[in-house]
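A short write-up of the structure that comes next.
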Amino acid sequence: MLNYSFMQNAIFVSIFISILCPCIGIFLVLRRYSMIGDTLAHASLAGITIGLLFDQSPVLGAFIFTSICGALIEFLRTYFKKYTDLILTIVLALSVGTAITIISSGKLHANADSFMFGSILTVTQFDMVMVVILSAISVLALIFLYHQMLYIAYDEETAKVAGVKVKLINYIFSILVASAISVSIRIVGVLVLSSMIALPVATALQLGKGFKITLIFSIIFSVIDIMLGLFLSFYLNVAPGGFTALVSVAVLVLVLLTKRIEVGIRAIH
Amino acid sequence: MIQAQNLYFSYTGSPPYVLNGINLEIHKGEYVSVVGENGCGKSTLMRLILKFIKPTDGTIISQAKRIGYVPQKNDFSNSNFPITVYEMLNSYRKLLKLKDKDVLAKNLDQVGMSSFSSALMGTLSGGQTQKILIARALIGDPDLLILDEPSTGVDVGSQKEIYGFLKEINQLNKITIVSVEHNLDAAISNSTLIYHLINGRGHLCSPQKYADEYLKKTK
């Protein structure tokens, strides 16, 4: 299996995805913004179709359009303070509308379907370069803004008192989310992308540890989910996106069961 | 330390105003409790001092070099958030760009919470949480401490400890304190001044005078 060059490319990209997604996902989950991941995943489909329409890299198209949509969500927050869920509906309508219109126009010179379900066959050299660049910038930004983002998620008002530029960092964060989504879209696919962002974090939260340890375990669970999903989907000859989502749910259930058994044993003793 | 002149505030930008022509001067070293009925504008005044919101009209100026803020426990507390006491304090220190790590242990010791450094914030009681939030607010030696109802969800024993500590740092360290209070007994016993807000207008008075007025009303 590892002799195939497409598989080597897929593994290479998967390593970056499995690190980047939970790093972004932990802040989304803790700020109760998990659904933004889903909305921006759909925005990335519109970006892909725009990229393909102009014979450009779909990953680049996804990154640019998803960044714009991420910034739009942040911008609309000012106007829909009490109905933030409505913002996601607006951006979702814009994204899905754009994608469907372009796909149904018949002007695409390539097939956008592989981006819906994820595919290990379609990772190109250019995608790999994009993945490395976007991942490196995102991880550096996360390291640099770690404490600011942690505080905005935990206690936004105190972050403001401490001088954190909350609005600016929220915009930067939108771009980081767009970056993680664009990087992941080839392998995981649009439909289950949000699960890659939220599920490893949801599993790590079950351990009841502090922030840093939760983040480390989110990455560990993410690596397990994506690698296992990738290898098994290869042997089962199914789309990696869907199977990775199933593996991540299975790992979450396993951790929940282990926790249950541990509590039961403790109660007996 | 804080000066407000002809301060008006309305969330819609037009009348009726939540704060209706406030003139207020708080001097350095005072311990002022802001009291009043629900909806009288206490929290709005606090948010204006903290610059979370801008006045509709008039001015409010704070000359504090550094502000320490203790939010209302119920406002932000997310018991499921995976963060330890140490992580919360250390990240705050990093936000303030302070290099000295020893300040964390010193502040925890000051509020009697040294042994809770590795505890998860969500596992603490109301009183313990409030003490930790005060320890955090004191990082960086602020000259102004703003508290939003510090006794909410706190047991009576911890309330005594917290108010005793606040009085101590006000008198010994000369930290100016502005506390939004619904606990009138605590406000009367600990403050140097009371700011009584009624329907968006307020006046400063001594705790004794306020106690006389308040006790008269309740009798």
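Chain labels run A, B, ... following the order of the structure tokens; each chain numbers its residues from 1, and ligands are numbered from 1 in the order shown.
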### Task
Could you list, as a list in words, the residues of chain B having an atom within 7 Å of chain A when counting only C-alpha atoms?
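Per the criterion, chain B yields Leu50, Tyr69, Phe76, Phe81, Pro82, Ile83, Thr84, Ser91, Lys94, Leu95, Leu96 and Leu120 of chain B.
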Please, which residues of chain B, numbered as in this document, come out strand (DSSP E or B) from DSSP, as a PDB file with N, CA and C atoms, in the first residue's frame?
ATOM      1  N   ILE B   2     -11.245  58.027  38.658  1.00  0.00           N
ATOM      2  CA  ILE B   2     -12.312  57.923  37.642  1.00  0.00           C
ATOM      3  C   ILE B   2     -13.159  59.204  37.675  1.00  0.00           C
ATOM      4  N   GLN B   3     -13.394  59.761  36.500  1.00  0.00           N
ATOM      5  CA  GLN B   3     -14.226  60.968  36.414  1.00  0.00           C
ATOM      6  C   GLN B   3     -15.287  60.777  35.334  1.00  0.00           C
ATOM      7  N   ALA B   4     -16.530  60.983  35.712  1.00  0.00           N
ATOM      8  CA  ALA B   4     -17.611  60.944  34.714  1.00  0.00           C
ATOM      9  C   ALA B   4     -18.320  62.293  34.721  1.00  0.00           C
ATOM     10  N   GLN B   5     -18.530  62.844  33.524  1.00  0.00           N
ATOM     11  CA  GLN B   5     -19.207  64.145  33.432  1.00  0.00           C
ATOM     12  C   GLN B   5     -20.372  64.059  32.450  1.00  0.00           C
ATOM     13  N   ASN B   6     -21.530  64.456  32.955  1.00  0.00           N
ATOM     14  CA  ASN B   6     -22.764  64.441  32.137  1.00  0.00           C
ATOM     15  C   ASN B   6     -22.869  63.163  31.302  1.00  0.00           C
ATOM     16  N   LEU B   7     -22.706  62.064  31.956  1.00  0.00           N
ATOM     17  CA  LEU B   7     -22.649  60.778  31.260  1.00  0.00           C
ATOM     18  C   LEU B   7     -24.053  60.224  30.982  1.00  0.00           C
ATOM     19  N   TYR B   8     -24.291  59.995  29.711  1.00  0.00           N
ATOM     20  CA  TYR B   8     -25.567  59.395  29.304  1.00  0.00           C
ATOM     21  C   TYR B   8     -25.259  58.101  28.558  1.00  0.00           C
ATOM     22  N   PHE B   9     -26.108  57.109  28.776  1.00  0.00           N
ATOM     23  CA  PHE B   9     -25.956  55.891  27.972  1.00  0.00           C
ATOM     24  C   PHE B   9     -27.304  55.252  27.690  1.00  0.00           C
ATOM     25  N   LEU B  19     -28.311  55.284  31.783  1.00  0.00           N
ATOM     26  CA  LEU B  19     -27.618  56.227  32.669  1.00  0.00           C
ATOM     27  C   LEU B  19     -27.994  57.618  32.194  1.00  0.00           C
ATOM     28  N   ASN B  20     -28.431  58.447  33.144  1.00  0.00           N
ATOM     29  CA  ASN B  20     -29.113  59.688  32.764  1.00  0.00           C
ATOM     30  C   ASN B  20     -28.422  60.920  33.369  1.00  0.00           C
ATOM     31  N   GLY B  21     -27.264  61.285  32.809  1.00  0.00           N
ATOM     32  CA  GLY B  21     -26.569  62.482  33.296  1.00  0.00           C
ATOM     33  C   GLY B  21     -25.782  62.246  34.575  1.00  0.00           C
ATOM     34  N   ILE B  22     -24.886  61.252  34.519  1.00  0.00           N
ATOM     35  CA  ILE B  22     -24.088  60.904  35.706  1.00  0.00           C
ATOM     36  C   ILE B  22     -22.891  61.853  35.831  1.00  0.00           C
ATOM     37  N   ASN B  23     -22.690  62.396  37.048  1.00  0.00           N
ATOM     38  CA  ASN B  23     -21.464  63.127  37.375  1.00  0.00           C
ATOM     39  C   ASN B  23     -20.863  62.416  38.568  1.00  0.00           C
ATOM     40  N   LEU B  24     -19.661  61.936  38.374  1.00  0.00           N
ATOM     41  CA  LEU B  24     -19.067  61.109  39.437  1.00  0.00           C
ATOM     42  C   LEU B  24     -17.564  61.293  39.461  1.00  0.00           C
ATOM     43  N   GLU B  25     -17.008  61.393  40.669  1.00  0.00           N
ATOM     44  CA  GLU B  25     -15.547  61.460  40.788  1.00  0.00           C
ATOM     45  C   GLU B  25     -15.112  60.480  41.884  1.00  0.00           C
ATOM     46  N   ILE B  26     -14.268  59.538  41.493  1.00  0.00           N
ATOM     47  CA  ILE B  26     -13.752  58.570  42.473  1.00  0.00           C
ATOM     48  C   ILE B  26     -12.256  58.820  42.619  1.00  0.00           C
ATOM     49  N   TYR B  31     -12.710  52.904  48.241  1.00  0.00           N
ATOM     50  CA  TYR B  31     -13.384  51.629  48.015  1.00  0.00           C
ATOM     51  C   TYR B  31     -14.868  51.981  47.843  1.00  0.00           C
ATOM     52  N   VAL B  32     -15.291  52.033  46.588  1.00  0.00           N
ATOM     53  CA  VAL B  32     -16.655  52.478  46.292  1.00  0.00           C
ATOM     54  C   VAL B  32     -17.530  51.280  45.898  1.00  0.00           C
ATOM     55  N   SER B  33     -18.632  51.141  46.616  1.00  0.00           N
ATOM     56  CA  SER B  33     -19.601  50.115  46.205  1.00  0.00           C
ATOM     57  C   SER B  33     -20.728  50.797  45.444  1.00  0.00           C
ATOM     58  N   VAL B  34     -21.028  50.272  44.261  1.00  0.00           N
ATOM     59  CA  VAL B  34     -22.114  50.816  43.446  1.00  0.00           C
ATOM     60  C   VAL B  34     -23.345  49.964  43.725  1.00  0.00           C
ATOM     61  N   VAL B  35     -24.385  50.605  44.283  1.00  0.00           N
ATOM     62  CA  VAL B  35     -25.577  49.832  44.664  1.00  0.00           C
ATOM     63  C   VAL B  35     -26.822  50.407  43.982  1.00  0.00           C
ATOM     64  N   GLY B  36     -27.876  49.633  44.008  1.00  0.00           N
ATOM     65  CA  GLY B  36     -29.149  50.083  43.414  1.00  0.00           C
ATOM     66  C   GLY B  36     -29.973  48.877  42.993  1.00  0.00           C
ATOM     67  N   ASP B  57     -23.502  59.997  25.384  1.00  0.00           N
ATOM     68  CA  ASP B  57     -23.129  61.405  25.488  1.00  0.00           C
ATOM     69  C   ASP B  57     -22.333  61.589  26.783  1.00  0.00           C
ATOM     70  N   GLY B  58     -21.539  62.650  26.853  1.00  0.00           N
ATOM     71  CA  GLY B  58     -20.739  62.909  28.041  1.00  0.00           C
ATOM     72  C   GLY B  58     -19.430  62.147  28.003  1.00  0.00           C
ATOM     73  N   THR B  59     -18.677  62.244  29.105  1.00  0.00           N
ATOM     74  CA  THR B  59     -17.364  61.584  29.131  1.00  0.00           C
ATOM     75  C   THR B  59     -17.185  60.759  30.400  1.00  0.00           C
ATOM     76  N   ILE B  60     -16.358  59.755  30.273  1.00  0.00           N
ATOM     77  CA  ILE B  60     -15.912  58.997  31.445  1.00  0.00           C
ATOM     78  C   ILE B  60     -14.432  58.684  31.244  1.00  0.00           C
ATOM     79  N   ILE B  61     -13.624  59.119  32.199  1.00  0.00           N
ATOM     80  CA  ILE B  61     -12.169  58.954  32.074  1.00  0.00           C
ATOM     81  C   ILE B  61     -11.647  58.175  33.281  1.00  0.00           C
ATOM     82  N   SER B  62     -10.805  57.185  32.979  1.00  0.00           N
ATOM     83  CA  SER B  62     -10.127  56.472  34.064  1.00  0.00           C
ATOM     84  C   SER B  62      -8.631  56.755  33.950  1.00  0.00           C
ATOM     85  N   ILE B  67      -5.846  48.062  35.136  1.00  0.00           N
ATOM     86  CA  ILE B  67      -7.114  47.687  35.788  1.00  0.00           C
ATOM     87  C   ILE B  67      -7.150  46.178  35.989  1.00  0.00           C
ATOM     88  N   GLY B  68      -7.534  45.778  37.202  1.00  0.00           N
ATOM     89  CA  GLY B  68      -7.792  44.360  37.467  1.00  0.00           C
ATOM     90  C   GLY B  68      -9.298  44.179  37.469  1.00  0.00           C
ATOM     91  N   TYR B  69      -9.783  43.121  36.833  1.00  0.00           N
ATOM     92  CA  TYR B  69     -11.240  42.948  36.692  1.00  0.00           C
ATOM     93  C   TYR B  69     -11.664  41.570  37.211  1.00  0.00           C
ATOM     94  N   VAL B  70     -12.664  41.591  38.076  1.00  0.00           N
ATOM     95  CA  VAL B  70     -13.222  40.330  38.578  1.00  0.00           C
ATOM     96  C   VAL B  70     -14.654  40.237  38.058  1.00  0.00           C
ATOM     97  N   THR B  84      -6.860  24.579  33.912  1.00  0.00           N
ATOM     98  CA  THR B  84      -6.469  24.498  35.320  1.00  0.00           C
ATOM     99  C   THR B  84      -6.267  25.914  35.862  1.00  0.00           C
ATOM    100  N   LEU B 120      -8.781  21.831  38.226  1.00  0.00           N
ATOM    101  CA  LEU B 120      -9.540  22.367  37.090  1.00  0.00           C
ATOM    102  C   LEU B 120     -10.484  23.461  37.601  1.00  0.00           C
ATOM    103  N   LEU B 144      -6.343  49.923  40.007  1.00  0.00           N
ATOM    104  CA  LEU B 144      -7.804  49.973  40.099  1.00  0.00           C
ATOM    105  C   LEU B 144      -8.345  48.553  39.948  1.00  0.00           C
ATOM    106  N   LEU B 145      -9.187  48.175  40.917  1.00  0.00           N
ATOM    107  CA  LEU B 145      -9.792  46.840  40.871  1.00  0.00           C
ATOM    108  C   LEU B 145     -11.304  47.009  40.711  1.00  0.00           C
ATOM    109  N   ILE B 146     -11.849  46.370  39.682  1.00  0.00           N
ATOM    110  CA  ILE B 146     -13.298  46.465  39.446  1.00  0.00           C
ATOM    111  C   ILE B 146     -13.918  45.088  39.621  1.00  0.00           C
ATOM    112  N   LEU B 147     -14.924  45.024  40.473  1.00  0.00           N
ATOM    113  CA  LEU B 147     -15.572  43.730  40.741  1.00  0.00           C
ATOM    114  C   LEU B 147     -17.062  43.814  40.420  1.00  0.00           C
ATOM    115  N   ASP B 148     -17.578  42.745  39.830  1.00  0.00           N
ATOM    116  CA  ASP B 148     -19.000  42.686  39.491  1.00  0.00           C
ATOM    117  C   ASP B 148     -19.674  41.666  40.411  1.00  0.00           C
ATOM    118  N   THR B 176      -7.451  51.267  44.497  1.00  0.00           N
ATOM    119  CA  THR B 176      -8.812  51.803  44.388  1.00  0.00           C
ATOM    120  C   THR B 176      -9.737  50.654  43.990  1.00  0.00           C
ATOM    121  N   ILE B 177     -10.853  50.535  44.691  1.00  0.00           N
ATOM    122  CA  ILE B 177     -11.792  49.445  44.375  1.00  0.00           C
ATOM    123  C   ILE B 177     -13.156  50.026  44.001  1.00  0.00           C
ATOM    124  N   VAL B 178     -13.695  49.529  42.888  1.00  0.00           N
ATOM    125  CA  VAL B 178     -15.076  49.850  42.515  1.00  0.00           C
ATOM    126  C   VAL B 178     -15.798  48.517  42.394  1.00  0.00           C
ATOM    127  N   SER B 179     -16.805  48.331  43.250  1.00  0.00           N
ATOM    128  CA  SER B 179     -17.482  47.040  43.270  1.00  0.00           C
ATOM    129  C   SER B 179     -18.982  47.209  43.067  1.00  0.00           C
ATOM    130  N   VAL B 180     -19.506  46.577  42.026  1.00  0.00           N
ATOM    131  CA  VAL B 180     -20.958  46.564  41.828  1.00  0.00           C
ATOM    132  C   VAL B 180     -21.514  45.575  42.850  1.00  0.00           C
ATOM    133  N   LEU B 193     -16.987  54.561  50.445  1.00  0.00           N
ATOM    134  CA  LEU B 193     -18.081  55.354  49.892  1.00  0.00           C
ATOM    135  C   LEU B 193     -19.080  54.441  49.187  1.00  0.00           C
ATOM    136  N   ILE B 194     -20.331  54.896  49.150  1.00  0.00           N
ATOM    137  CA  ILE B 194     -21.365  54.149  48.418  1.00  0.00           C
ATOM    138  C   ILE B 194     -21.850  55.045  47.276  1.00  0.00           C
ATOM    139  N   TYR B 195     -21.984  54.472  46.082  1.00  0.00           N
ATOM    140  CA  TYR B 195     -22.597  55.217  44.983  1.00  0.00           C
ATOM    141  C   TYR B 195     -23.957  54.603  44.735  1.00  0.00           C
ATOM    142  N   HIS B 196     -24.994  55.359  45.075  1.00  0.00           N
ATOM    143  CA  HIS B 196     -26.357  54.832  45.011  1.00  0.00           C
ATOM    144  C   HIS B 196     -27.015  55.267  43.707  1.00  0.00           C
ATOM    145  N   LEU B 197     -27.351  54.296  42.868  1.00  0.00           N
ATOM    146  CA  LEU B 197     -27.981  54.594  41.584  1.00  0.00           C
ATOM    147  C   LEU B 197     -29.486  54.340  41.662  1.00  0.00           C
ATOM    148  N   ILE B 198     -30.239  55.338  41.216  1.00  0.00           N
ATOM    149  CA  ILE B 198     -31.698  55.149  41.128  1.00  0.00           C
ATOM    150  C   ILE B 198     -32.123  55.644  39.748  1.00  0.00           C
ATOM    151  N   ARG B 201     -29.670  57.682  37.635  1.00  0.00           N
ATOM    152  CA  ARG B 201     -29.010  58.836  38.271  1.00  0.00           C
ATOM    153  C   ARG B 201     -28.455  58.366  39.605  1.00  0.00           C
ATOM    154  N   GLY B 202     -27.338  58.982  40.036  1.00  0.00           N
ATOM    155  CA  GLY B 202     -26.734  58.487  41.261  1.00  0.00           C
ATOM    156  C   GLY B 202     -26.169  59.576  42.144  1.00  0.00           C
ATOM    157  N   HIS B 203     -25.853  59.194  43.381  1.00  0.00           N
ATOM    158  CA  HIS B 203     -25.149  60.125  44.271  1.00  0.00           C
ATOM    159  C   HIS B 203     -24.219  59.347  45.183  1.00  0.00           C
ATOM    160  N   LEU B 204     -23.088  59.996  45.518  1.00  0.00           N
ATOM    161  CA  LEU B 204     -22.116  59.385  46.428  1.00  0.00           C
ATOM    162  C   LEU B 204     -22.490  59.746  47.854  1.00  0.00           C
ATOM    163  N   CYS B 205     -22.344  58.790  48.750  1.00  0.00           N
ATOM    164  CA  CYS B 205     -22.560  59.106  50.166  1.00  0.00           C
ATOM    165  C   CYS B 205     -21.724  58.174  51.029  1.00  0.00           C
TER     166      CYS B 205
END
Contacts of Thr101 of chain A within 12 Å, only C-alpha atoms, excl. fewer than 6 positions in-chain, as an mmCIF file with C-alpha atoms, in the first residue's frame:
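In the end it all went to around_20.cif:
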data_model
loop_
_atom_site.group_PDB
_atom_site.id
_atom_site.type_symbol
_atom_site.label_atom_id
_atom_site.label_comp_id
_atom_site.auth_asym_id
_atom_site.auth_seq_id
_atom_site.Cartn_x
_atom_site.Cartn_y
_atom_site.Cartn_z
ATOM 1 C CA LEU A 45 -16.972 23.727 -1.889
ATOM 2 C CA ALA A 46 -17.974 27.035 -3.477
ATOM 3 C CA THR A 49 -15.842 25.235 -7.888
ATOM 4 C CA ILE A 50 -14.641 28.837 -8.427
ATOM 5 C CA LEU A 53 -14.027 27.286 -13.120
ATOM 6 C CA ALA A 93 -26.967 30.001 1.512
ATOM 7 C CA LEU A 94 -24.309 32.110 -0.224
ATOM 8 C CA SER A 95 -21.855 29.200 -0.377
ATOM 9 C CA LYS A 107 -18.830 25.028 -17.291
ATOM 10 C CA LEU A 108 -16.524 23.123 -14.969
#
### Query
By how many Å are atom CA of Pro22 of chain A and atom CA of Leu252 of chain A apart?
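Pair atom CA of Pro22 of chain A / atom CA of Leu252 of chain A returns 14.2 Å.
DSSP on the backbone gives alpha helix (DSSP H) for these parts of segment 62-101 of chain B: Lys73, Asn74, Asp75, Phe76, Val85, Tyr86, Glu87, Met88, Leu89, Asn90, Ser91, Tyr92, Arg93, Lys94 and Leu95 of chain B.
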Using only N, CA and C atoms, please write the residues we just selected to a file, as a compact mmCIF listing (two decimals), in the first residue's frame.
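And here is the file that came out, again07.txt:
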# COMPACT_ATOMS: atom_id res chain seq x y z
N LYS B 73 -19.12 35.73 38.53
CA LYS B 73 -18.79 34.32 38.32
C LYS B 73 -19.72 33.66 37.28
N ASN B 74 -21.01 33.98 37.38
CA ASN B 74 -21.97 33.30 36.50
C ASN B 74 -21.92 33.82 35.06
N ASP B 75 -21.30 34.99 34.86
CA ASP B 75 -21.30 35.59 33.54
C ASP B 75 -20.47 34.82 32.53
N PHE B 76 -19.34 34.29 32.97
CA PHE B 76 -18.45 33.66 32.02
C PHE B 76 -18.15 32.21 32.36
N VAL B 85 -6.23 26.02 37.17
CA VAL B 85 -6.02 27.32 37.82
C VAL B 85 -4.70 27.91 37.32
N TYR B 86 -3.65 27.07 37.27
CA TYR B 86 -2.33 27.57 36.84
C TYR B 86 -2.38 28.07 35.39
N GLU B 87 -3.02 27.30 34.52
CA GLU B 87 -3.10 27.70 33.10
C GLU B 87 -3.82 29.04 32.96
N MET B 88 -4.90 29.21 33.74
CA MET B 88 -5.68 30.44 33.63
C MET B 88 -4.86 31.65 34.09
N LEU B 89 -4.16 31.46 35.21
CA LEU B 89 -3.36 32.57 35.74
C LEU B 89 -2.14 32.84 34.85
N ASN B 90 -1.50 31.78 34.41
CA ASN B 90 -0.28 31.94 33.61
C ASN B 90 -0.56 32.59 32.26
N SER B 91 -1.68 32.20 31.63
CA SER B 91 -2.01 32.82 30.34
C SER B 91 -2.31 34.30 30.53
N TYR B 92 -2.96 34.63 31.65
CA TYR B 92 -3.26 36.05 31.93
C TYR B 92 -1.95 36.82 32.11
N ARG B 93 -1.01 36.21 32.82
CA ARG B 93 0.31 36.84 33.00
C ARG B 93 0.97 37.08 31.64
N LYS B 94 0.83 36.11 30.75
CA LYS B 94 1.42 36.25 29.41
C LYS B 94 0.75 37.38 28.63
N LEU B 95 -0.58 37.50 28.80
CA LEU B 95 -1.30 38.58 28.10
C LEU B 95 -0.77 39.95 28.55
### Message
So the first atom is atom CA of Ser222 of chain A and the second is atom CA of Met7 of chain A; what is the distance between them in Å, to one decimal place?
### Response
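Atom CA of Met7 of chain A lies 18.6 Å from atom CA of Ser222 of chain A.
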### Task
Can you work out which one of A:Ile133, A:Ile185, A:Gln8, A:Ile15 has the shortest atom-to-atom distance to Met227 of chain A, counting only C-alpha atoms?
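Of A:Ile133, A:Ile185, A:Gln8, A:Ile15, the one nearest Met227 of chain A, counting only C-alpha atoms, is A:Ile15.
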### Query
Contacts of Gly241 of chain A at 7 Å or less, counting only C-alpha atoms, minus same-chain residues fewer than 6 places along, as a PyMOL selection string?
chain A and resi 117-118+187-189+192
May I have the selected residues written with N, CA and C atoms, as a PDB file, in the first residue's frame?
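Wrote it out as result.pdb, contents follow:
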ATOM      1  N   PHE A 117     -16.836  13.848  -0.980  1.00  0.00           N
ATOM      2  CA  PHE A 117     -16.630  12.668  -0.139  1.00  0.00           C
ATOM      3  C   PHE A 117     -15.171  12.469   0.276  1.00  0.00           C
ATOM      4  N   GLY A 118     -14.247  13.189  -0.324  1.00  0.00           N
ATOM      5  CA  GLY A 118     -12.826  12.992  -0.050  1.00  0.00           C
ATOM      6  C   GLY A 118     -12.271  11.903  -0.936  1.00  0.00           C
ATOM      7  N   ILE A 187      -8.725  15.184   1.255  1.00  0.00           N
ATOM      8  CA  ILE A 187      -8.805  13.833   1.814  1.00  0.00           C
ATOM      9  C   ILE A 187     -10.153  13.574   2.476  1.00  0.00           C
ATOM     10  N   VAL A 188     -10.583  14.525   3.291  1.00  0.00           N
ATOM     11  CA  VAL A 188     -11.757  14.271   4.127  1.00  0.00           C
ATOM     12  C   VAL A 188     -13.065  14.538   3.392  1.00  0.00           C
ATOM     13  N   GLY A 189     -13.083  15.547   2.550  1.00  0.00           N
ATOM     14  CA  GLY A 189     -14.313  15.880   1.830  1.00  0.00           C
ATOM     15  C   GLY A 189     -15.179  16.856   2.606  1.00  0.00           C
ATOM     16  N   VAL A 192     -18.072  15.626   5.668  1.00  0.00           N
ATOM     17  CA  VAL A 192     -17.746  15.211   7.037  1.00  0.00           C
ATOM     18  C   VAL A 192     -16.596  16.025   7.629  1.00  0.00           C
TER      19      VAL A 192
END
### Query
By how many Å are atom CA of Asn107 of chain B and atom CA of Thr152 of chain B apart?
21.7 Å
### Query
Residues at most 8 Å from Ala62 of chain A, counting only C-alpha atoms, excluding those fewer than 4 positions away in the same chain, as a PyMOL selection string?
chain A and resi 43-48+51+58+66+178+182
